[in-house]
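Trainee: Next comes query10.cif, mmCIF, C-alpha atoms and all ligand atoms:
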```cif
data_entry
#
loop_
_atom_site.label_atom_id
_atom_site.label_comp_id
_atom_site.auth_asym_id
_atom_site.auth_seq_id
_atom_site.Cartn_x
_atom_site.Cartn_y
_atom_site.Cartn_z
CA MET A 263 0.00 0.00 0.00
CA ALA A 264 1.44 3.32 -1.07
CA VAL A 265 2.04 5.82 1.70
CA ASN A 266 1.38 9.47 0.98
CA ALA A 267 2.19 12.53 3.06
CA SER A 268 2.83 16.18 2.41
CA ALA A 269 6.42 17.28 1.77
CA GLU A 270 6.35 19.07 5.12
CA GLN A 271 5.22 15.95 6.94
CA GLN A 272 7.89 13.90 5.19
CA GLN A 273 10.53 16.42 6.22
CA ALA A 274 9.27 16.26 9.82
CA LEU A 275 10.29 12.58 9.75
CA LEU A 276 13.88 13.82 9.90
CA ASP A 277 13.06 15.50 13.22
CA VAL A 278 11.65 12.19 14.45
CA GLN A 279 14.78 10.49 13.15
CA ALA A 280 17.01 12.95 15.02
CA ILE A 281 15.11 12.16 18.24
CA ASP A 282 15.38 8.40 17.61
CA THR A 283 19.11 8.75 17.03
CA LYS A 284 19.38 10.50 20.40
CA LEU A 285 17.34 7.68 21.96
CA LEU A 286 19.82 5.18 20.52
CA GLN A 287 22.67 7.16 22.03
CA VAL A 288 20.92 7.09 25.40
CA ALA A 289 20.54 3.29 25.12
CA HIS A 290 24.19 3.02 24.15
CA ARG A 291 25.27 5.13 27.12
CA ARG A 292 23.17 2.94 29.41
CA LYS A 293 25.07 -0.14 28.21
CA GLY A 294 28.33 1.69 28.78
CA ILE A 295 27.76 2.44 32.47
CA ALA A 296 30.80 0.84 34.12
CA GLU A 297 29.06 0.78 37.52
CA VAL A 298 26.51 -1.78 36.26
CA GLN A 299 29.23 -4.41 35.84
CA GLN A 300 31.06 -3.20 38.94
CA ALA A 301 27.92 -3.61 41.06
CA HIS A 302 27.41 -7.09 39.64
CA ASP A 303 31.00 -8.08 40.44
CA LEU A 304 30.68 -6.72 43.99
CA GLU A 305 27.45 -8.68 44.51
CA VAL A 306 29.24 -11.86 43.43
CA GLN A 307 32.08 -11.01 45.81
CA LEU A 308 29.59 -10.42 48.63
CA GLY A 309 27.97 -13.80 47.95
CA SER A 310 31.33 -15.51 48.18
CA ILE A 311 32.15 -13.72 51.46
CA ASP A 312 28.74 -14.75 52.86
CA MET A 313 29.52 -18.38 52.10
CA LYS A 314 32.86 -18.04 53.86
CA ILE A 315 31.10 -16.43 56.85
CA VAL A 316 28.69 -19.37 57.09
CA ALA A 317 31.68 -21.76 57.02
CA ALA A 318 33.49 -19.67 59.66
CA ILE A 319 30.45 -19.66 61.96
CA THR A 320 30.20 -23.45 61.63
CA GLU A 321 33.90 -23.82 62.40
CA VAL A 322 33.68 -21.61 65.50
CA SER A 323 30.65 -23.53 66.71
CA ASP A 324 32.33 -26.93 66.10
CA LEU A 325 35.52 -25.85 67.85
CA ASP A 326 33.49 -24.48 70.75
CA LEU A 327 31.92 -27.94 71.19
CA ASP A 328 35.40 -29.53 71.01
CA ARG A 329 36.63 -27.06 73.61
CA ALA A 330 33.75 -27.90 75.98
CA LYS A 331 34.45 -31.61 75.54
CA ALA A 332 38.20 -31.13 76.14
CA GLU A 333 37.41 -29.08 79.25
CA ALA A 334 35.14 -31.82 80.57
CA ASP A 335 37.84 -34.43 79.88
CA VAL A 336 40.37 -32.46 81.90
CA GLU A 337 37.83 -31.90 84.69
CA GLN A 338 37.09 -35.61 84.89
CA VAL A 339 40.80 -36.45 85.32
CA VAL A 340 41.24 -33.68 87.91
CA ASN A 341 38.22 -34.92 89.89
CA ARG A 342 39.56 -38.45 89.85
CA ALA A 343 42.97 -37.25 91.06
CA ASN A 344 41.34 -35.19 93.82
CA ARG A 345 39.37 -38.20 95.02
CA ASP A 346 42.56 -40.27 95.05
CA LYS A 347 44.36 -37.57 97.04
CA GLU A 348 41.50 -37.38 99.55
CA ARG A 349 41.70 -41.15 100.04
CA MET A 350 45.44 -40.96 100.55
CA ASP A 351 45.08 -38.07 102.98
CA SER A 352 42.38 -39.90 104.95
CA GLY A 353 45.01 -42.24 106.38
CA SER A 354 42.72 -45.26 106.03
CA VAL A 355 44.52 -46.72 103.06
CA SER A 356 46.72 -49.78 103.27
CA ALA A 357 50.37 -49.56 102.22
CA LYS A 358 49.58 -51.65 99.15
CA ASP A 359 46.67 -49.42 98.14
CA LEU A 360 48.76 -46.35 98.77
CA SER A 361 51.33 -47.48 96.27
CA GLY A 362 48.53 -48.18 93.75
CA LEU A 363 47.05 -44.74 94.33
CA GLN A 364 50.40 -43.05 93.89
CA SER A 365 50.94 -44.84 90.64
CA GLU A 366 47.45 -43.89 89.47
CA LEU A 367 48.05 -40.25 90.44
CA GLU A 368 51.17 -40.24 88.31
CA SER A 369 49.22 -41.65 85.35
CA LEU A 370 46.43 -39.14 85.95
CA ALA A 371 48.89 -36.23 86.05
CA LYS A 372 50.37 -37.38 82.75
CA ARG A 373 46.89 -37.80 81.28
CA GLN A 374 45.86 -34.35 82.54
CA SER A 375 48.88 -32.76 80.91
CA GLU A 376 48.08 -34.47 77.57
CA LEU A 377 44.44 -33.41 77.74
CA GLU A 378 45.42 -29.84 78.60
CA ASP A 379 47.68 -29.79 75.55
CA VAL A 380 44.72 -30.91 73.43
CA GLU A 381 42.51 -28.25 75.04
CA LEU A 382 45.14 -25.58 74.44
CA GLU A 383 45.42 -26.48 70.79
CA ILE A 384 41.64 -26.33 70.41
CA MET A 385 41.59 -22.94 72.15
CA GLN A 386 44.22 -21.64 69.73
CA ASN A 387 42.27 -22.94 66.73
CA LEU A 388 39.10 -21.43 68.15
CA GLU A 389 40.79 -18.09 68.58
CA GLU A 390 42.02 -18.21 64.99
CA ALA A 391 38.57 -19.20 63.71
CA ARG A 392 36.97 -16.32 65.64
CA ALA A 393 39.55 -13.88 64.30
CA SER A 394 38.95 -15.14 60.79
CA HIS A 395 35.17 -14.72 61.27
CA GLU A 396 35.70 -11.16 62.51
CA ALA A 397 37.99 -10.39 59.56
CA LEU A 398 35.34 -11.68 57.15
CA LYS A 399 32.71 -9.47 58.78
CA VAL A 400 34.99 -6.44 58.37
CA GLN A 401 35.66 -7.41 54.75
CA ARG A 402 31.93 -7.81 54.15
CA GLU A 403 31.21 -4.35 55.56
CA SER A 404 33.84 -2.83 53.32
CA VAL A 405 32.59 -4.60 50.17
CA GLU A 406 29.00 -3.74 51.05
CA ALA A 407 29.89 -0.07 51.52
CA GLU A 408 31.65 -0.12 48.16
CA LEU A 409 28.60 -1.77 46.58
CA ARG A 410 26.24 0.89 48.01
CA ASP A 411 28.55 3.58 46.63
CA VAL A 412 28.73 1.98 43.17
CA GLU A 413 24.96 1.37 43.16
CA GLY A 414 24.39 5.02 44.01
CA LYS A 415 26.55 6.16 41.10
CA ARG A 416 24.94 3.59 38.80
CA ASP A 417 21.38 4.60 39.75
CA GLU A 418 22.17 8.28 39.39
CA GLN A 419 23.28 7.71 35.80
CA LEU A 420 20.38 5.37 35.07
CA ASN A 421 17.92 7.93 36.42
CA GLN A 422 19.47 10.68 34.32
CA LEU A 423 19.26 8.54 31.21
CA ALA A 424 15.69 7.52 32.02
CA ALA A 425 14.75 11.19 32.36
CA GLN A 426 16.40 12.00 29.02
CA GLU A 427 14.66 9.06 27.43
CA GLN A 428 11.31 10.14 28.75
CA GLU A 429 11.80 13.67 27.46
CA LEU A 430 12.88 12.42 24.03
CA ASN A 431 9.91 10.05 23.86
CA GLU A 432 7.57 12.93 24.65
CA GLN A 433 9.20 15.05 21.94
CA LYS A 434 8.87 12.21 19.47
CA LYS A 435 5.24 11.67 20.38
CA SER A 436 4.46 15.33 19.92
CA VAL A 437 6.12 15.49 16.46
CA ALA A 438 4.68 12.15 15.36
CA ALA A 439 1.20 13.26 16.43
CA ASN A 440 1.10 15.59 13.42
CA LEU A 441 2.10 12.88 10.96
CA PRO A 442 -0.02 10.24 9.21
CA ALA A 443 -0.07 7.02 11.22
CA ASP A 444 0.89 4.87 8.23
CA LEU A 445 3.92 7.07 7.54
CA VAL A 446 5.10 6.74 11.15
CA ALA A 447 4.44 2.98 11.09
CA LEU A 448 6.45 2.58 7.89
CA TYR A 449 9.24 4.73 9.28
CA ASP A 450 9.35 2.70 12.53
CA LYS A 451 9.44 -0.59 10.67
CA VAL A 452 12.26 0.52 8.35
CA ARG A 453 14.13 2.02 11.29
CA GLU A 454 13.99 -1.30 13.13
CA ASP A 455 15.18 -3.19 10.06
CA GLN A 456 17.91 -0.71 9.21
CA GLY A 457 19.90 -0.27 12.40
CA GLY A 458 17.98 2.67 13.80
CA VAL A 459 17.75 4.87 10.70
CA GLY A 460 14.35 4.85 8.99
CA ALA A 461 14.42 8.16 7.11
CA ALA A 462 17.31 9.81 5.32
CA LEU A 463 17.92 12.93 3.30
CA LEU A 464 18.22 12.66 -0.44
CA GLN A 465 21.13 15.05 -0.86
CA HIS A 466 22.85 15.85 -4.16
CA GLY A 467 21.51 12.65 -5.63
CA GLU A 468 22.79 10.49 -2.79
CA CYS A 469 20.90 8.59 -0.08
CA LYS A 470 22.33 9.83 3.21
CA GLY A 471 21.17 6.61 4.84
CA CYS A 472 23.36 4.20 2.88
CA HIS A 473 25.53 6.82 1.16
CA ILE A 474 24.94 5.33 -2.27
CA ALA A 475 24.30 7.67 -5.20
CA LEU A 476 21.06 7.07 -7.06
CA ASP A 477 21.42 6.43 -10.78
CA SER A 478 20.03 8.96 -13.23
CA ASP A 479 17.04 6.78 -14.18
CA GLU A 480 15.98 6.59 -10.56
CA LEU A 481 16.54 10.32 -10.05
CA ASN A 482 14.42 10.99 -13.13
CA ARG A 483 11.67 8.71 -11.82
CA ILE A 484 11.67 10.47 -8.44
CA ARG A 485 11.75 13.89 -10.11
CA ASN A 486 8.46 13.10 -11.83
CA LEU A 487 6.71 11.83 -8.70
CA ALA A 488 4.21 14.03 -6.89
CA SER A 489 5.64 15.59 -3.73
CA GLU A 490 3.18 13.62 -1.55
CA VAL A 491 4.51 10.26 -2.70
CA VAL A 492 6.75 8.71 -0.07
CA VAL A 493 9.95 7.59 -1.80
CA ARG A 494 12.16 4.70 -0.64
CA CYS A 495 15.84 4.18 -1.38
CA GLU A 496 16.25 1.27 -3.79
CA GLN A 497 19.42 0.16 -1.98
CA CYS A 498 18.58 0.38 1.70
CA ARG A 499 14.76 0.79 1.56
CA ARG A 500 14.90 3.82 3.84
CA ILE A 501 12.43 6.63 3.35
CA LEU A 502 14.12 9.30 1.24
CA ILE A 503 13.33 12.86 2.18
CA ARG A 504 13.39 15.30 -0.71
CA THR A 505 14.50 18.88 -0.14
CA ALA A 506 15.81 21.69 -2.33
CA GLU A 507 19.25 20.10 -1.92
CA SER A 508 18.22 16.74 -3.29
CA GLY A 509 19.71 17.40 -6.73
CA LEU A 510 16.47 16.68 -8.56
ZN ZN B 1 19.84 4.24 0.89
#
```
Output the structure of this file as structure tokens.
Ligand SMILES: [Zn+2]

Mentor:
Amino acid sequence: MAVNASAEQQQALLDVQAIDTKLLQVAHRRKGIAEVQQAHDLEVQLGSIDMKIVAAITEVSDLDLDRAKAEADVEQVVNRANRDKERMDSGSVSAKDLSGLQSELESLAKRQSELEDVELEIMQNLEEARASHEALKVQRESVEAELRDVEGKRDEQLNQLAAQEQELNEQKKSVAANLPADLVALYDKVREDQGGVGAALLQHGECKGCHIALDSDELNRIRNLASEVVVRCEQCRRILIRTAESGL
């Protein structure tokens, strides 16, 4: 179906085109916001720190149980030794039993020392695990603060671009409102097919969309068309806008 529009309306398509080009630039700038990727990377980093924190909490809790068990083991040996000492001190023990008790006390003292070494090692590990948990929490706070900062910068730019986009869309709507709907629909379709440019000047016999010169037969054909006829470039199919500079 042939699309017709006054020369003025056709020329107004170039205004719409200029707005659409600006809209493309806005979209391009949005993709180029470094903080979008930075925020993503920081979120990934935060996720990894959170996993480490969960592991650290588990380790602290496990070591704390080990510590309690080691403490109880030591206590048990100490209690046994105390009972033995009480018996010895009571004076009611035979010479034979006394020797047995002394020998047991020696074993218990050795055992106590071993268990205390175990307890000490657990305490050291627990201290390290707690320190590591604290360090992770500090690291998390720092990464989170950085993320908030980057997100702020990202959102500021996104909001600016969204505002520009909205303004451009309103401008486009207001210009397009004065144009025939089928002309705008054709323009939009060609623009989508042709990398964002739907209408181009015919300047000195050349399509400014694809920068290919029209041959003389085609120029002659266009020259004889009524001004309301919407002309398309034979090469790129863009809408050609005729002006005094078209070389017709
Ligand atoms: Zn062309």

Trainee: What residues have any atom no more than 10 Å from ligand ZN 1 (chain B) when counting only C-alpha atoms and all ligand atoms, and can you list them as a list of chain:residue names?

Mentor: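 Result of the 10 Å neighbour search around ligand ZN 1 (chain B): A:Gln456, A:Gly460, A:Ala461, A:Ala462, A:Leu463, A:Leu464, A:Glu468, A:Cys469, A:Lys470, A:Gly471, A:Cys472, A:His473, A:Ile474, A:Ala475, A:Leu476, A:Arg494, A:Cys495, A:Glu496, A:Gln497, A:Cys498, A:Arg499, A:Arg500, A:Ile501, A:Leu502.
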
Trainee: Would you list the residues near (16.6, 13.5, 14.6) (no more than 12 Å away, in the coordinates of the file, using only C-alpha atoms) as a ChimeraX atom specification?

Mentor: /A:273-287,430-431,433-434,437,458-463

Trainee: So which residues touch Glu413 in chain A within 10 Å, counting all atoms listed in the file, skipping near sequence neighbours fewer than 5 positions away, as a ChimeraX atom specification?

Mentor: /A:297-298,300-302,304,407-408,418-419

Trainee: So that I can see what lies close to range 341-358 of chain A, please list as a ChimeraX atom specification the residues with an atom at most 10 Å from it, counting only C-alpha atoms and leaving out residues fewer than 6 positions away in the same chain.

Mentor: /A:364,366-371,374

Trainee: Pick the closest to Leu420 in chain A from A:Arg292, A:Leu325, A:Ser508, A:Ser361: which is it, counting only C-alpha atoms?

Mentor: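 Looking only at the distances to Leu420 in chain A, the closest residue turns out to be A:Arg292.
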
Trainee: Counting all atoms listed in the file, which of A:Ala425, A:Ile384, A:Val339, A:Ala267 gets nearest to Leu448 in chain A?

Mentor: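 Looking at the shortest contact to Leu448 in chain A, the residue is A:Ala267.
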
Trainee: What does the distance from CA of Leu388 in chain A to CA of Asp326 in chain A come to in Å, to one decimal?

Mentor: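 If I compute the distance from CA of Leu388 in chain A to CA of Asp326 in chain A, I get 6.9 Å.
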
Trainee: Counting only C-alpha atoms, which residue out of A:Lys451, A:Arg504, A:Lys293, A:Arg329 sits closest to Glu389 in chain A?

Mentor: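 Ranked by minimum distance to Glu389 in chain A, first place goes to A:Arg329.
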
Trainee: Please measure the separation of CA of Arg392 in chain A and CA of Asp312 in chain A, giving the value in Å to one decimal.

Mentor: 15.3 Å

Trainee: Could N, CA, C and O atoms be built for range 406-427 of chain A and written out as a JSON list (two decimals), keeping the file's coordinate frame?

Mentor:
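Listing of out.json after writing:
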```json
[["chain", "number", "residue", "atom", "x", "y", "z"],
["A", 406, "GLU", "N", 30.39, -4.21, 51.10],
["A", 406, "GLU", "CA", 29.00, -3.74, 51.05],
["A", 406, "GLU", "C", 28.95, -2.22, 50.91],
["A", 406, "GLU", "O", 28.14, -1.69, 50.15],
["A", 407, "ALA", "N", 29.84, -1.54, 51.62],
["A", 407, "ALA", "CA", 29.89, -0.07, 51.52],
["A", 407, "ALA", "C", 30.27, 0.33, 50.09],
["A", 407, "ALA", "O", 29.69, 1.27, 49.52],
["A", 408, "GLU", "N", 31.22, -0.40, 49.53],
["A", 408, "GLU", "CA", 31.65, -0.12, 48.16],
["A", 408, "GLU", "C", 30.49, -0.36, 47.19],
["A", 408, "GLU", "O", 30.25, 0.43, 46.27],
["A", 409, "LEU", "N", 29.75, -1.45, 47.44],
["A", 409, "LEU", "CA", 28.60, -1.77, 46.58],
["A", 409, "LEU", "C", 27.55, -0.67, 46.65],
["A", 409, "LEU", "O", 27.03, -0.23, 45.62],
["A", 410, "ARG", "N", 27.25, -0.19, 47.86],
["A", 410, "ARG", "CA", 26.24, 0.89, 48.01],
["A", 410, "ARG", "C", 26.69, 2.13, 47.23],
["A", 410, "ARG", "O", 25.88, 2.80, 46.59],
["A", 411, "ASP", "N", 27.99, 2.41, 47.31],
["A", 411, "ASP", "CA", 28.55, 3.58, 46.63],
["A", 411, "ASP", "C", 28.40, 3.43, 45.11],
["A", 411, "ASP", "O", 27.93, 4.34, 44.42],
["A", 412, "VAL", "N", 28.79, 2.25, 44.62],
["A", 412, "VAL", "CA", 28.73, 1.98, 43.17],
["A", 412, "VAL", "C", 27.27, 1.99, 42.71],
["A", 412, "VAL", "O", 26.94, 2.55, 41.66],
["A", 413, "GLU", "N", 26.39, 1.39, 43.51],
["A", 413, "GLU", "CA", 24.96, 1.37, 43.16],
["A", 413, "GLU", "C", 24.39, 2.78, 43.08],
["A", 413, "GLU", "O", 23.59, 3.09, 42.20],
["A", 414, "GLY", "N", 24.84, 3.63, 44.01],
["A", 414, "GLY", "CA", 24.39, 5.02, 44.01],
["A", 414, "GLY", "C", 24.78, 5.72, 42.72],
["A", 414, "GLY", "O", 23.96, 6.38, 42.09],
["A", 415, "LYS", "N", 26.06, 5.53, 42.33],
["A", 415, "LYS", "CA", 26.55, 6.16, 41.10],
["A", 415, "LYS", "C", 25.83, 5.58, 39.89],
["A", 415, "LYS", "O", 25.49, 6.30, 38.94],
["A", 416, "ARG", "N", 25.63, 4.26, 39.91],
["A", 416, "ARG", "CA", 24.94, 3.59, 38.80],
["A", 416, "ARG", "C", 23.51, 4.14, 38.67],
["A", 416, "ARG", "O", 23.08, 4.54, 37.58],
["A", 417, "ASP", "N", 22.78, 4.18, 39.80],
["A", 417, "ASP", "CA", 21.38, 4.60, 39.75],
["A", 417, "ASP", "C", 21.25, 6.06, 39.34],
["A", 417, "ASP", "O", 20.29, 6.42, 38.64],
["A", 418, "GLU", "N", 22.21, 6.86, 39.77],
["A", 418, "GLU", "CA", 22.17, 8.28, 39.39],
["A", 418, "GLU", "C", 22.23, 8.41, 37.86],
["A", 418, "GLU", "O", 21.45, 9.14, 37.26],
["A", 419, "GLN", "N", 23.15, 7.66, 37.27],
["A", 419, "GLN", "CA", 23.28, 7.71, 35.80],
["A", 419, "GLN", "C", 22.05, 7.12, 35.12],
["A", 419, "GLN", "O", 21.57, 7.65, 34.13],
["A", 420, "LEU", "N", 21.57, 6.00, 35.67],
["A", 420, "LEU", "CA", 20.38, 5.37, 35.07],
["A", 420, "LEU", "C", 19.18, 6.31, 35.14],
["A", 420, "LEU", "O", 18.41, 6.41, 34.19],
["A", 421, "ASN", "N", 19.05, 7.00, 36.27],
["A", 421, "ASN", "CA", 17.92, 7.93, 36.42],
["A", 421, "ASN", "C", 18.03, 9.09, 35.44],
["A", 421, "ASN", "O", 17.03, 9.51, 34.86],
["A", 422, "GLN", "N", 19.26, 9.58, 35.28],
["A", 422, "GLN", "CA", 19.47, 10.68, 34.32],
["A", 422, "GLN", "C", 19.09, 10.25, 32.92],
["A", 422, "GLN", "O", 18.40, 10.96, 32.19],
["A", 423, "LEU", "N", 19.55, 9.05, 32.55],
["A", 423, "LEU", "CA", 19.26, 8.54, 31.21],
["A", 423, "LEU", "C", 17.77, 8.28, 31.04],
["A", 423, "LEU", "O", 17.20, 8.56, 29.97],
["A", 424, "ALA", "N", 17.13, 7.78, 32.09],
["A", 424, "ALA", "CA", 15.69, 7.52, 32.02],
["A", 424, "ALA", "C", 14.93, 8.83, 31.82],
["A", 424, "ALA", "O", 13.96, 8.90, 31.06],
["A", 425, "ALA", "N", 15.40, 9.89, 32.50],
["A", 425, "ALA", "CA", 14.75, 11.19, 32.36],
["A", 425, "ALA", "C", 14.93, 11.73, 30.93],
["A", 425, "ALA", "O", 13.98, 12.24, 30.32],
["A", 426, "GLN", "N", 16.15, 11.58, 30.41],
["A", 426, "GLN", "CA", 16.40, 12.00, 29.02],
["A", 426, "GLN", "C", 15.53, 11.23, 28.05],
["A", 426, "GLN", "O", 14.96, 11.79, 27.11],
["A", 427, "GLU", "N", 15.45, 9.93, 28.30],
["A", 427, "GLU", "CA", 14.66, 9.06, 27.43],
["A", 427, "GLU", "C", 13.19, 9.47, 27.43],
["A", 427, "GLU", "O", 12.55, 9.53, 26.38]]
```
